[in-house]
Amino acid sequence: MHSSSNKNQTWSNLEKHCKEISKKSLIELFNENPNRGSDFSTSFEDLWVDVSKQIVDSKTIQLLSDLAEESKINQFFVDMMAGSPVNLTEKKPALHTALRAPKDSRILVEGKDVVPKITETLEKMEEFSRHIRNGKLLGSTGAPITSVVALGIGGSNLGSSMAHKALSKFAHPEITIKFCSSIDAVDLDQTLDGLNPETTLFLVTSKSFDTRETLLLMENAKKWLEGSIVATGLSKHFVGITSSRDKAINFGFEESMIFDLPDWVGGRFSLSSAAGLVLMISIGPDEFSHLLSGMNRIDNKTVSESLESNGALLLAVIDIWNRSFLDYPTMAVIPYSSQMSYFPQYLQQLMMESLGKNNRNDEHEFGSSVGSVVWGATGTESQHAFFQFLHQGTDVVPCEMLGFSSSYDPSNQDQQNSLFANLLAQSETLAFGSAIEENLVHEKKLEGNRPSTVILAPKLTPFILGQLISLYEHRTVASGVIWGVNPFDQWGVELGKSIAIDIELEIGDASSSKDATTRNSSTEKLLDRFRSFRNI
Ligand code: F6P
């Protein structure tokens, strides 16, 4: 039941302020304050976060800071990192930060320190990864494992596949790593093409161990192995990563081949857990520990800094400003790095599954839109695809550009410079348009005033990627808390999953079809057409 709107005095002040500042252009804002580039940027560990080309001034930031403070976001982070049950609808903690906390920390959940178990799992992951990397893990025929196929979907895939791509420069050169998440049979066929069953290990990541897609992939992987490996040897080729150890054992996984996911880590926040095993195998335990340290650095900063110097909070309130006040429904994330090509997809789950909510915790109405559509693609390629829309389209899309100063190989620095030049050129053009060009015909004019944020980092390393991931995790959580939604649940995806199971039964057995009153005429007609295309 919804009662009155959540809007308070600060919210109303922001609405009023929004009407005033909307009359100004970014050119005017930059003219008013020649120091915007530094006044509206912050250094957050190794990340430089520049929001100076957002439509904000110091009053906006002050009011947004008040809003954040009223939501008690700082206390929320303290509680979250201390293991309180901040995931209200599921009544459990959201303790991803514990996974990268120093080993001598003490973090209590219902009176029990969770750190020893985290350390035990991490050490088991390290030993296992080293074994594979040194060619000592043998398959059932005695051949060393040289290929690892990660099966899993959503949070059990997007973080690790994104990070594996991002850190491919750090990957073990002789281990083939592949990911498969789709139940489209072509996907697994293509993934397995060229692999040798005797030297292939499947990592099945599923927190629940009952995700239909992942279980189907696992069954099909078994069939593929069975052609070459006797059934008794199959368990040597499967690792389970799950919160549901019993279910994995029922499926035939060996106890020692199961890595535990804590119940309190959400899939989309799980890269620093055993869900990161595939990444650890690829980049090695040492580099993986740098990733964790990068995350931990940002965790500590997020919980201790005030908004002006807190990159995560600053980005969160800018998201709220753009969505709930300036009313921009989408945001584009544009990494100027081909290694980061999966980052927008990863963020789609992180941000949209966390913030795509139409009910507040206190059941008040929102009184504004909440949660943005997140999309994007790598920099220079997208300039030749959708940037026309960003510059001259009738809708404004706030952009977030990610850049890195140094290339891996100093001899490629010229190209790195070129990437950054493109990033800056686009961000500048979005903001100021064609104002300095005179006598342009109208179709060549760019009005500008299109907001963007720039996040600049020194180099794409595990330590820096860890910082970026943690930054986005905390920014997402902070937006959720300030908006008053639970960023840790995803009830919206459940109904569709169960309907798919019913429909799949119907497809297999037409006689089990529900009549049109219990289903609907559209689904029934589409099922008919599906069968007739197949001549059944
Ligand atoms: O799509 C919903 C979801 O529950 C995600 O939140 C989760 O990451 C994904 O499915 C996979 O779930 P599991 O790890 O339990 O297989």
# chains A, B, ... in the order shown; residues from 1 in each chain; ligands from 1

call {"tool": "select_by_dssp", "arguments": {"residues": "region 376-486 of chain A", "states": "strand (DSSP E or B)", "output": "list of chain:residue names"}}
result
A:Cys399, A:Glu400, A:Met401, A:Leu402, A:Gly403, A:Phe404, A:Ser452, A:Thr453, A:Val454, A:Ile455, A:Leu456, A:Ala457

call {"tool": "residues_near_ligand", "arguments": {"ligand": "ligand 1", "cutoff": "6 Å", "atoms": "only C-alpha atoms and all ligand atoms", "output": "list of chain:residue names"}}
result
A:Ile153, A:Gly154, A:Gly155, A:Ser156, A:Ser206, A:Lys207, A:Ser208, A:Phe209, A:Thr211, A:Gly267, A:Arg268, A:Val493

call {"tool": "write_last_selection", "arguments": {"atoms": "all heavy atoms", "output": "PDB file, in the first residue's frame"}}
result
ATOM      1  N   ILE A 153      25.271 -17.669 -15.201  1.00  0.00           N
ATOM      2  CA  ILE A 153      24.547 -16.582 -15.875  1.00  0.00           C
ATOM      3  C   ILE A 153      24.330 -15.424 -14.906  1.00  0.00           C
ATOM      4  O   ILE A 153      24.382 -15.612 -13.684  1.00  0.00           O
ATOM      5  CB  ILE A 153      23.214 -17.126 -16.473  1.00  0.00           C
ATOM      6  CG1 ILE A 153      22.649 -16.179 -17.530  1.00  0.00           C
ATOM      7  CG2 ILE A 153      22.187 -17.432 -15.386  1.00  0.00           C
ATOM      8  CD1 ILE A 153      21.619 -16.831 -18.446  1.00  0.00           C
ATOM      9  N   GLY A 154      24.085 -14.248 -15.451  1.00  0.00           N
ATOM     10  CA  GLY A 154      23.847 -13.062 -14.613  1.00  0.00           C
ATOM     11  C   GLY A 154      25.066 -12.787 -13.745  1.00  0.00           C
ATOM     12  O   GLY A 154      26.206 -12.795 -14.214  1.00  0.00           O
ATOM     13  N   GLY A 155      24.831 -12.601 -12.475  1.00  0.00           N
ATOM     14  CA  GLY A 155      25.927 -12.287 -11.555  1.00  0.00           C
ATOM     15  C   GLY A 155      26.939 -13.407 -11.442  1.00  0.00           C
ATOM     16  O   GLY A 155      28.044 -13.190 -10.953  1.00  0.00           O
ATOM     17  N   SER A 156      26.565 -14.605 -11.874  1.00  0.00           N
ATOM     18  CA  SER A 156      27.512 -15.717 -11.835  1.00  0.00           C
ATOM     19  C   SER A 156      28.326 -15.799 -13.119  1.00  0.00           C
ATOM     20  O   SER A 156      28.967 -16.811 -13.382  1.00  0.00           O
ATOM     21  CB  SER A 156      26.749 -17.031 -11.589  1.00  0.00           C
ATOM     22  OG  SER A 156      26.249 -17.011 -10.273  1.00  0.00           O
ATOM     23  N   SER A 206      26.764 -21.100  -9.631  1.00  0.00           N
ATOM     24  CA  SER A 206      25.358 -20.772  -9.427  1.00  0.00           C
ATOM     25  C   SER A 206      25.112 -20.711  -7.928  1.00  0.00           C
ATOM     26  O   SER A 206      25.260 -21.709  -7.233  1.00  0.00           O
ATOM     27  CB  SER A 206      24.449 -21.835 -10.054  1.00  0.00           C
ATOM     28  OG  SER A 206      23.103 -21.541  -9.755  1.00  0.00           O
ATOM     29  N   LYS A 207      24.775 -19.520  -7.479  1.00  0.00           N
ATOM     30  CA  LYS A 207      24.561 -19.380  -6.039  1.00  0.00           C
ATOM     31  C   LYS A 207      23.449 -20.325  -5.579  1.00  0.00           C
ATOM     32  O   LYS A 207      23.578 -21.038  -4.600  1.00  0.00           O
ATOM     33  CB  LYS A 207      24.212 -17.916  -5.728  1.00  0.00           C
ATOM     34  CG  LYS A 207      24.155 -17.632  -4.265  1.00  0.00           C
ATOM     35  CD  LYS A 207      23.900 -16.166  -3.996  1.00  0.00           C
ATOM     36  CE  LYS A 207      23.462 -16.059  -2.543  1.00  0.00           C
ATOM     37  NZ  LYS A 207      22.984 -14.736  -2.203  1.00  0.00           N
ATOM     38  N   SER A 208      22.362 -20.346  -6.337  1.00  0.00           N
ATOM     39  CA  SER A 208      21.207 -21.156  -5.928  1.00  0.00           C
ATOM     40  C   SER A 208      21.347 -22.620  -6.342  1.00  0.00           C
ATOM     41  O   SER A 208      20.725 -23.506  -5.772  1.00  0.00           O
ATOM     42  CB  SER A 208      19.945 -20.602  -6.589  1.00  0.00           C
ATOM     43  OG  SER A 208      20.115 -20.612  -7.997  1.00  0.00           O
ATOM     44  N   PHE A 209      22.120 -22.871  -7.337  1.00  0.00           N
ATOM     45  CA  PHE A 209      22.233 -24.171  -8.002  1.00  0.00           C
ATOM     46  C   PHE A 209      20.883 -24.686  -8.491  1.00  0.00           C
ATOM     47  O   PHE A 209      20.651 -25.883  -8.592  1.00  0.00           O
ATOM     48  CB  PHE A 209      22.938 -25.228  -7.132  1.00  0.00           C
ATOM     49  CG  PHE A 209      24.116 -25.834  -7.856  1.00  0.00           C
ATOM     50  CD1 PHE A 209      25.297 -25.140  -7.987  1.00  0.00           C
ATOM     51  CD2 PHE A 209      24.032 -27.095  -8.446  1.00  0.00           C
ATOM     52  CE1 PHE A 209      26.380 -25.666  -8.697  1.00  0.00           C
ATOM     53  CE2 PHE A 209      25.108 -27.638  -9.156  1.00  0.00           C
ATOM     54  CZ  PHE A 209      26.286 -26.904  -9.271  1.00  0.00           C
ATOM     55  N   THR A 211      19.385 -22.542 -11.143  1.00  0.00           N
ATOM     56  CA  THR A 211      19.111 -21.687 -12.299  1.00  0.00           C
ATOM     57  C   THR A 211      19.061 -22.561 -13.550  1.00  0.00           C
ATOM     58  O   THR A 211      20.006 -23.270 -13.879  1.00  0.00           O
ATOM     59  CB  THR A 211      20.202 -20.591 -12.420  1.00  0.00           C
ATOM     60  OG1 THR A 211      20.152 -19.809 -11.237  1.00  0.00           O
ATOM     61  CG2 THR A 211      19.992 -19.704 -13.615  1.00  0.00           C
ATOM     62  N   GLY A 267      24.686 -12.072  -6.280  1.00  0.00           N
ATOM     63  CA  GLY A 267      25.390 -12.454  -7.508  1.00  0.00           C
ATOM     64  C   GLY A 267      26.132 -11.287  -8.142  1.00  0.00           C
ATOM     65  O   GLY A 267      27.302 -11.391  -8.512  1.00  0.00           O
ATOM     66  N   ARG A 268      25.459 -10.147  -8.262  1.00  0.00           N
ATOM     67  CA  ARG A 268      26.073  -9.013  -8.975  1.00  0.00           C
ATOM     68  C   ARG A 268      27.164  -8.317  -8.164  1.00  0.00           C
ATOM     69  O   ARG A 268      27.827  -7.417  -8.665  1.00  0.00           O
ATOM     70  CB  ARG A 268      24.992  -8.029  -9.436  1.00  0.00           C
ATOM     71  CG  ARG A 268      24.067  -7.529  -8.342  1.00  0.00           C
ATOM     72  CD  ARG A 268      22.852  -6.820  -8.954  1.00  0.00           C
ATOM     73  NE  ARG A 268      21.915  -6.333  -7.949  1.00  0.00           N
ATOM     74  CZ  ARG A 268      20.918  -7.047  -7.454  1.00  0.00           C
ATOM     75  NH1 ARG A 268      20.748  -8.305  -7.830  1.00  0.00           N
ATOM     76  NH2 ARG A 268      20.092  -6.517  -6.574  1.00  0.00           N
ATOM     77  N   VAL A 493      12.523 -10.476 -11.296  1.00  0.00           N
ATOM     78  CA  VAL A 493      12.913 -11.446 -12.322  1.00  0.00           C
ATOM     79  C   VAL A 493      12.335 -12.839 -12.064  1.00  0.00           C
ATOM     80  O   VAL A 493      12.471 -13.733 -12.898  1.00  0.00           O
ATOM     81  CB  VAL A 493      14.459 -11.549 -12.463  1.00  0.00           C
ATOM     82  CG1 VAL A 493      15.045 -10.220 -12.871  1.00  0.00           C
ATOM     83  CG2 VAL A 493      15.100 -12.050 -11.176  1.00  0.00           C
TER      84      VAL A 493
END

call {"tool": "closest_residue", "arguments": {"among": "A:Lys59, A:Lys112, A:His237, A:Arg100", "to": "Thr199 (chain A)", "atoms": "only C-alpha atoms"}}
result
A:His237

call {"tool": "residues_around", "arguments": {"residues": "Ile55 (chain A)", "least_positions_apart": "2", "cutoff": "12 Å", "atoms": "only C-alpha atoms", "output": "PDB file with N, CA and C atoms, in the first residue's frame"}}
result
ATOM      1  N   HIS A  17      15.489  24.370  -7.355  1.00  0.00           N
ATOM      2  CA  HIS A  17      16.828  24.692  -7.868  1.00  0.00           C
ATOM      3  C   HIS A  17      17.000  24.159  -9.299  1.00  0.00           C
ATOM      4  N   CYS A  18      16.412  22.997  -9.560  1.00  0.00           N
ATOM      5  CA  CYS A  18      16.523  22.388 -10.891  1.00  0.00           C
ATOM      6  C   CYS A  18      15.925  23.317 -11.954  1.00  0.00           C
ATOM      7  N   LYS A  19      14.777  23.938 -11.612  1.00  0.00           N
ATOM      8  CA  LYS A  19      14.149  24.861 -12.576  1.00  0.00           C
ATOM      9  C   LYS A  19      15.088  26.026 -12.861  1.00  0.00           C
ATOM     10  N   GLU A  20      15.793  26.504 -11.831  1.00  0.00           N
ATOM     11  CA  GLU A  20      16.691  27.661 -12.022  1.00  0.00           C
ATOM     12  C   GLU A  20      17.916  27.271 -12.850  1.00  0.00           C
ATOM     13  N   ILE A  21      18.552  26.199 -12.444  1.00  0.00           N
ATOM     14  CA  ILE A  21      19.821  25.863 -13.121  1.00  0.00           C
ATOM     15  C   ILE A  21      19.584  25.372 -14.550  1.00  0.00           C
ATOM     16  N   SER A  22      18.397  24.819 -14.790  1.00  0.00           N
ATOM     17  CA  SER A  22      18.104  24.330 -16.147  1.00  0.00           C
ATOM     18  C   SER A  22      18.095  25.472 -17.159  1.00  0.00           C
ATOM     19  N   LYS A  23      17.920  26.706 -16.664  1.00  0.00           N
ATOM     20  CA  LYS A  23      17.917  27.842 -17.598  1.00  0.00           C
ATOM     21  C   LYS A  23      19.332  28.170 -18.062  1.00  0.00           C
ATOM     22  N   LYS A  24      20.331  27.642 -17.337  1.00  0.00           N
ATOM     23  CA  LYS A  24      21.718  27.962 -17.685  1.00  0.00           C
ATOM     24  C   LYS A  24      22.320  26.876 -18.566  1.00  0.00           C
ATOM     25  N   SER A  25      23.254  27.299 -19.390  1.00  0.00           N
ATOM     26  CA  SER A  25      23.961  26.293 -20.203  1.00  0.00           C
ATOM     27  C   SER A  25      25.283  25.950 -19.522  1.00  0.00           C
ATOM     28  N   LEU A  26      25.890  24.860 -19.972  1.00  0.00           N
ATOM     29  CA  LEU A  26      27.199  24.493 -19.413  1.00  0.00           C
ATOM     30  C   LEU A  26      28.240  25.570 -19.729  1.00  0.00           C
ATOM     31  N   ILE A  27      28.061  26.239 -20.884  1.00  0.00           N
ATOM     32  CA  ILE A  27      28.999  27.333 -21.206  1.00  0.00           C
ATOM     33  C   ILE A  27      28.899  28.415 -20.131  1.00  0.00           C
ATOM     34  N   GLU A  28      27.663  28.762 -19.783  1.00  0.00           N
ATOM     35  CA  GLU A  28      27.494  29.797 -18.746  1.00  0.00           C
ATOM     36  C   GLU A  28      28.065  29.337 -17.415  1.00  0.00           C
ATOM     37  N   LEU A  29      27.815  28.083 -17.079  1.00  0.00           N
ATOM     38  CA  LEU A  29      28.330  27.575 -15.796  1.00  0.00           C
ATOM     39  C   LEU A  29      29.852  27.615 -15.775  1.00  0.00           C
ATOM     40  N   PHE A  30      30.476  27.280 -16.898  1.00  0.00           N
ATOM     41  CA  PHE A  30      31.946  27.325 -16.954  1.00  0.00           C
ATOM     42  C   PHE A  30      32.448  28.776 -16.933  1.00  0.00           C
ATOM     43  N   ARG A  36      35.884  25.270 -12.538  1.00  0.00           N
ATOM     44  CA  ARG A  36      34.988  24.094 -12.443  1.00  0.00           C
ATOM     45  C   ARG A  36      35.740  22.777 -12.580  1.00  0.00           C
ATOM     46  N   PHE A  40      34.855  20.703  -9.327  1.00  0.00           N
ATOM     47  CA  PHE A  40      33.856  19.626  -9.426  1.00  0.00           C
ATOM     48  C   PHE A  40      34.505  18.293  -9.821  1.00  0.00           C
ATOM     49  N   VAL A  51      33.080  15.581 -12.484  1.00  0.00           N
ATOM     50  CA  VAL A  51      31.654  15.784 -12.805  1.00  0.00           C
ATOM     51  C   VAL A  51      31.412  17.243 -13.211  1.00  0.00           C
ATOM     52  N   SER A  52      32.497  17.932 -13.595  1.00  0.00           N
ATOM     53  CA  SER A  52      32.346  19.365 -13.880  1.00  0.00           C
ATOM     54  C   SER A  52      31.462  19.627 -15.093  1.00  0.00           C
ATOM     55  N   LYS A  53      31.333  18.641 -15.976  1.00  0.00           N
ATOM     56  CA  LYS A  53      30.472  18.855 -17.143  1.00  0.00           C
ATOM     57  C   LYS A  53      29.073  18.268 -16.916  1.00  0.00           C
ATOM     58  N   ASP A  57      25.877  23.113 -10.011  1.00  0.00           N
ATOM     59  CA  ASP A  57      26.755  24.138  -9.457  1.00  0.00           C
ATOM     60  C   ASP A  57      26.958  23.822  -7.977  1.00  0.00           C
ATOM     61  N   SER A  58      27.597  24.721  -7.257  1.00  0.00           N
ATOM     62  CA  SER A  58      27.908  24.368  -5.865  1.00  0.00           C
ATOM     63  C   SER A  58      26.635  24.221  -5.025  1.00  0.00           C
ATOM     64  N   LYS A  59      25.586  24.973  -5.397  1.00  0.00           N
ATOM     65  CA  LYS A  59      24.326  24.826  -4.644  1.00  0.00           C
ATOM     66  C   LYS A  59      23.732  23.427  -4.868  1.00  0.00           C
ATOM     67  N   THR A  60      23.815  22.967  -6.130  1.00  0.00           N
ATOM     68  CA  THR A  60      23.284  21.616  -6.428  1.00  0.00           C
ATOM     69  C   THR A  60      23.996  20.584  -5.551  1.00  0.00           C
ATOM     70  N   ILE A  61      25.325  20.699  -5.523  1.00  0.00           N
ATOM     71  CA  ILE A  61      26.097  19.695  -4.775  1.00  0.00           C
ATOM     72  C   ILE A  61      25.755  19.795  -3.283  1.00  0.00           C
ATOM     73  N   ILE A 318      24.812  12.341  -8.428  1.00  0.00           N
ATOM     74  CA  ILE A 318      24.671  12.837  -9.812  1.00  0.00           C
ATOM     75  C   ILE A 318      23.659  11.958 -10.558  1.00  0.00           C
ATOM     76  N   ASP A 319      23.713  10.651 -10.313  1.00  0.00           N
ATOM     77  CA  ASP A 319      22.726   9.758 -10.947  1.00  0.00           C
ATOM     78  C   ASP A 319      21.311  10.149 -10.525  1.00  0.00           C
ATOM     79  N   TRP A 321      20.314  13.075  -9.419  1.00  0.00           N
ATOM     80  CA  TRP A 321      20.033  14.394 -10.008  1.00  0.00           C
ATOM     81  C   TRP A 321      19.595  14.231 -11.463  1.00  0.00           C
ATOM     82  N   ASN A 322      20.357  13.463 -12.236  1.00  0.00           N
ATOM     83  CA  ASN A 322      20.037  13.308 -13.663  1.00  0.00           C
ATOM     84  C   ASN A 322      18.718  12.578 -13.881  1.00  0.00           C
ATOM     85  N   PHE A 325      15.532  14.532 -11.175  1.00  0.00           N
ATOM     86  CA  PHE A 325      15.283  15.981 -11.291  1.00  0.00           C
ATOM     87  C   PHE A 325      15.370  16.434 -12.754  1.00  0.00           C
ATOM     88  N   LEU A 326      16.486  16.138 -13.419  1.00  0.00           N
ATOM     89  CA  LEU A 326      16.602  16.556 -14.823  1.00  0.00           C
ATOM     90  C   LEU A 326      15.833  15.616 -15.755  1.00  0.00           C
ATOM     91  N   TYR A 328      16.407  12.580 -17.088  1.00  0.00           N
ATOM     92  CA  TYR A 328      17.035  11.848 -18.180  1.00  0.00           C
ATOM     93  C   TYR A 328      16.864  10.353 -17.911  1.00  0.00           C
ATOM     94  N   VAL A 396      18.378  13.872 -24.438  1.00  0.00           N
ATOM     95  CA  VAL A 396      19.701  14.042 -23.840  1.00  0.00           C
ATOM     96  C   VAL A 396      20.063  12.773 -23.075  1.00  0.00           C
ATOM     97  N   PRO A 398      22.954  11.494 -20.531  1.00  0.00           N
ATOM     98  CA  PRO A 398      24.203  11.737 -19.793  1.00  0.00           C
ATOM     99  C   PRO A 398      25.189  10.611 -20.080  1.00  0.00           C
ATOM    100  N   LEU A 430      30.138  17.336 -26.340  1.00  0.00           N
ATOM    101  CA  LEU A 430      28.817  17.139 -25.736  1.00  0.00           C
ATOM    102  C   LEU A 430      28.447  18.361 -24.890  1.00  0.00           C
ATOM    103  N   ALA A 431      29.425  18.871 -24.146  1.00  0.00           N
ATOM    104  CA  ALA A 431      29.131  19.973 -23.227  1.00  0.00           C
ATOM    105  C   ALA A 431      28.938  21.307 -23.943  1.00  0.00           C
ATOM    106  N   PHE A 432      29.843  21.625 -24.868  1.00  0.00           N
ATOM    107  CA  PHE A 432      29.862  22.995 -25.409  1.00  0.00           C
ATOM    108  C   PHE A 432      29.381  23.082 -26.855  1.00  0.00           C
ATOM    109  N   GLY A 448      25.114  21.396 -27.803  1.00  0.00           N
ATOM    110  CA  GLY A 448      25.876  21.152 -26.562  1.00  0.00           C
ATOM    111  C   GLY A 448      24.951  21.014 -25.373  1.00  0.00           C
ATOM    112  N   ASN A 449      25.479  21.358 -24.211  1.00  0.00           N
ATOM    113  CA  ASN A 449      24.707  21.270 -22.963  1.00  0.00           C
ATOM    114  C   ASN A 449      24.292  19.845 -22.635  1.00  0.00           C
ATOM    115  N   ARG A 450      25.069  18.904 -23.098  1.00  0.00           N
ATOM    116  CA  ARG A 450      24.787  17.484 -22.837  1.00  0.00           C
ATOM    117  C   ARG A 450      25.804  16.998 -21.803  1.00  0.00           C
ATOM    118  N   PRO A 451      25.306  16.604 -20.634  1.00  0.00           N
ATOM    119  CA  PRO A 451      26.215  16.340 -19.508  1.00  0.00           C
ATOM    120  C   PRO A 451      27.042  15.071 -19.664  1.00  0.00           C
ATOM    121  N   SER A 452      28.244  15.126 -19.127  1.00  0.00           N
ATOM    122  CA  SER A 452      29.058  13.905 -19.081  1.00  0.00           C
ATOM    123  C   SER A 452      29.960  13.946 -17.852  1.00  0.00           C
ATOM    124  N   THR A 453      30.345  12.748 -17.430  1.00  0.00           N
ATOM    125  CA  THR A 453      31.319  12.567 -16.347  1.00  0.00           C
ATOM    126  C   THR A 453      32.540  11.902 -16.964  1.00  0.00           C
TER     127      THR A 453
END

call {"tool": "closest_atom_pairs", "arguments": {"of": "region 251-294 of chain A", "to": "region 126-140 of chain A", "cutoff": "12 Å", "atoms": "only C-alpha atoms", "output": "JSON lines"}}
result
{"residue": "A:Ser256", "atom": "CA", "partner": "A:Phe128", "partner_atom": "CA", "distance": 10.3}
{"residue": "A:Met257", "atom": "CA", "partner": "A:Phe128", "partner_atom": "CA", "distance": 9.3}
{"residue": "A:Ile258", "atom": "CA", "partner": "A:Phe128", "partner_atom": "CA", "distance": 11.1}
{"residue": "A:Phe259", "atom": "CA", "partner": "A:Phe128", "partner_atom": "CA", "distance": 10.3}
{"residue": "A:Ala274", "atom": "CA", "partner": "A:Glu126", "partner_atom": "CA", "distance": 10.3}
{"residue": "A:Gly276", "atom": "CA", "partner": "A:Ser129", "partner_atom": "CA", "distance": 10.9}
{"residue": "A:Leu277", "atom": "CA", "partner": "A:Ser129", "partner_atom": "CA", "distance": 7.6}
{"residue": "A:Val278", "atom": "CA", "partner": "A:Ser129", "partner_atom": "CA", "distance": 8.4}
{"residue": "A:Leu279", "atom": "CA", "partner": "A:Ser129", "partner_atom": "CA", "distance": 9.4}
{"residue": "A:Met280", "atom": "CA", "partner": "A:Ser129", "partner_atom": "CA", "distance": 6.4}
{"residue": "A:Ile281", "atom": "CA", "partner": "A:Ser129", "partner_atom": "CA", "distance": 4.7}
{"residue": "A:Ser282", "atom": "CA", "partner": "A:Arg133", "partner_atom": "CA", "distance": 8.1}
{"residue": "A:Ile283", "atom": "CA", "partner": "A:Ser129", "partner_atom": "CA", "distance": 9.4}
{"residue": "A:Gly284", "atom": "CA", "partner": "A:Ser129", "partner_atom": "CA", "distance": 6.8}
{"residue": "A:Pro285", "atom": "CA", "partner": "A:Glu126", "partner_atom": "CA", "distance": 5.5}
{"residue": "A:Asp286", "atom": "CA", "partner": "A:Glu126", "partner_atom": "CA", "distance": 8.8}
{"residue": "A:Glu287", "atom": "CA", "partner": "A:Glu126", "partner_atom": "CA", "distance": 11.1}
{"residue": "A:Phe288", "atom": "CA", "partner": "A:Glu126", "partner_atom": "CA", "distance": 9.3}
{"residue": "A:Ser289", "atom": "CA", "partner": "A:Glu126", "partner_atom": "CA", "distance": 9.8}

call {"tool": "residues_around", "arguments": {"residues": "Glu90 (chain A)", "least_positions_apart": "4", "cutoff": "12 Å", "atoms": "only C-alpha atoms", "output": "list in words"}}
result
Pro85, Val86, Ala94, Asp263, Trp264, Val265, Gly266, Asn486, Pro487, Phe488, Asp489, Gln490 and Trp491 of chain A

call {"tool": "closest_residue", "arguments": {"among": "A:Asn196, A:Thr302, A:Ser369, A:Thr378", "to": "Arg475 (chain A)", "atoms": "only C-alpha atoms"}}
result
A:Thr302

call {"tool": "atom_distance", "arguments": {"atom1": "CA of Glu381 (chain A)", "atom2": "CA of Gly393 (chain A)"}}
result
18.2 Å

call {"tool": "atom_distance", "arguments": {"atom1": "CA of His442 (chain A)", "atom2": "CA of Phe387 (chain A)"}}
result
18.2 Å

call {"tool": "closest_residue", "arguments": {"among": "A:Leu460, A:Ile455, A:Ala98, A:Leu108", "to": "Tyr408 (chain A)", "atoms": "only C-alpha atoms"}}
result
A:Leu460

call {"tool": "closest_residue", "arguments": {"among": "A:Ser372, A:Thr429, A:Gln348, A:Asn35", "to": "Arg323 (chain A)", "atoms": "only C-alpha atoms"}}
result
A:Ser372

call {"tool": "closest_residue", "arguments": {"among": "A:Gly484, A:Gly433, A:Pro458, A:Gly294", "to": "Glu363 (chain A)", "atoms": "only C-alpha atoms"}}
result
A:Gly484

call {"tool": "residues_around", "arguments": {"residues": "Gln349 (chain A)", "least_positions_apart": "3", "cutoff": "9 Å", "atoms": "only C-alpha atoms", "output": "number ranges by chain"}}
result
A: 154-155, 158, 268, 344-346, 352-354, 374

call {"tool": "closest_residue", "arguments": {"among": "A:Glu447, A:Glu198, A:Glu524, A:Asp210", "to": "Lys236 (chain A)", "atoms": "only C-alpha atoms"}}
result
A:Glu198

call {"tool": "residues_around", "arguments": {"residues": "Trp11 (chain A)", "least_positions_apart": "4", "cutoff": "12 Å", "atoms": "only C-alpha atoms", "output": "VMD selection string"}}
result
chain A and resid 5 to 7 15 to 18 60 63 to 68 70 to 71 320 to 321 324 to 325 366 to 368 482 to 483

call {"tool": "residues_around", "arguments": {"residues": "Phe343 (chain A)", "least_positions_apart": "2", "cutoff": "9 Å", "atoms": "only C-alpha atoms", "output": "list in words"}}
result
Leu158, Gly159, Met162, Ala163, Ala166, Val333, Ile334, Pro335, Gln339, Met340, Ser341, Gln345, Tyr346, Leu347, Gln348, Gly376, Ala377 and Thr378 of chain A

call {"tool": "write_last_selection", "arguments": {"atoms": "N, CA and C atoms", "output": "compact mmCIF listing (two decimals), in the first residue's frame"}}
result
# COMPACT_ATOMS: atom_id res chain seq x y z
N LEU A 158 28.69 -12.31 -15.33
CA LEU A 158 29.03 -10.99 -15.91
C LEU A 158 30.27 -10.35 -15.29
N GLY A 159 30.43 -10.49 -13.98
CA GLY A 159 31.60 -9.89 -13.32
C GLY A 159 32.88 -10.57 -13.75
N MET A 162 33.64 -10.05 -17.53
CA MET A 162 34.08 -8.67 -17.75
C MET A 162 35.53 -8.51 -17.29
N ALA A 163 35.84 -8.99 -16.08
CA ALA A 163 37.18 -8.78 -15.52
C ALA A 163 38.22 -9.59 -16.28
N ALA A 166 38.89 -7.60 -19.29
CA ALA A 166 39.60 -6.36 -18.92
C ALA A 166 41.06 -6.64 -18.60
N VAL A 333 27.51 4.46 -20.76
CA VAL A 333 28.85 4.27 -20.20
C VAL A 333 29.79 3.93 -21.36
N ILE A 334 30.81 4.75 -21.53
CA ILE A 334 31.68 4.61 -22.70
C ILE A 334 33.13 4.43 -22.25
N PRO A 335 33.60 3.18 -22.14
CA PRO A 335 35.01 3.00 -21.80
C PRO A 335 35.89 3.19 -23.04
N GLN A 339 39.66 -3.42 -23.90
CA GLN A 339 39.65 -4.45 -22.85
C GLN A 339 38.40 -4.33 -21.96
N MET A 340 37.84 -3.14 -21.93
CA MET A 340 36.69 -2.90 -21.04
C MET A 340 35.36 -3.06 -21.79
N SER A 341 35.38 -3.81 -22.89
CA SER A 341 34.18 -3.84 -23.72
C SER A 341 32.98 -4.49 -23.03
N GLN A 345 27.84 -4.02 -20.09
CA GLN A 345 26.91 -5.13 -19.79
C GLN A 345 26.94 -5.50 -18.30
N TYR A 346 28.15 -5.53 -17.76
CA TYR A 346 28.30 -5.83 -16.34
C TYR A 346 27.53 -4.79 -15.51
N LEU A 347 27.68 -3.51 -15.92
CA LEU A 347 26.99 -2.45 -15.17
C LEU A 347 25.48 -2.51 -15.34
N GLN A 348 25.05 -3.02 -16.49
CA GLN A 348 23.60 -3.14 -16.68
C GLN A 348 23.00 -3.98 -15.58
N GLY A 376 25.74 1.24 -23.37
CA GLY A 376 27.00 1.81 -23.80
C GLY A 376 27.85 0.81 -24.55
N ALA A 377 29.00 1.28 -24.99
CA ALA A 377 29.96 0.45 -25.74
C ALA A 377 31.28 1.19 -25.74
N THR A 378 32.31 0.53 -26.25
CA THR A 378 33.64 1.14 -26.19
C THR A 378 33.71 2.42 -27.04
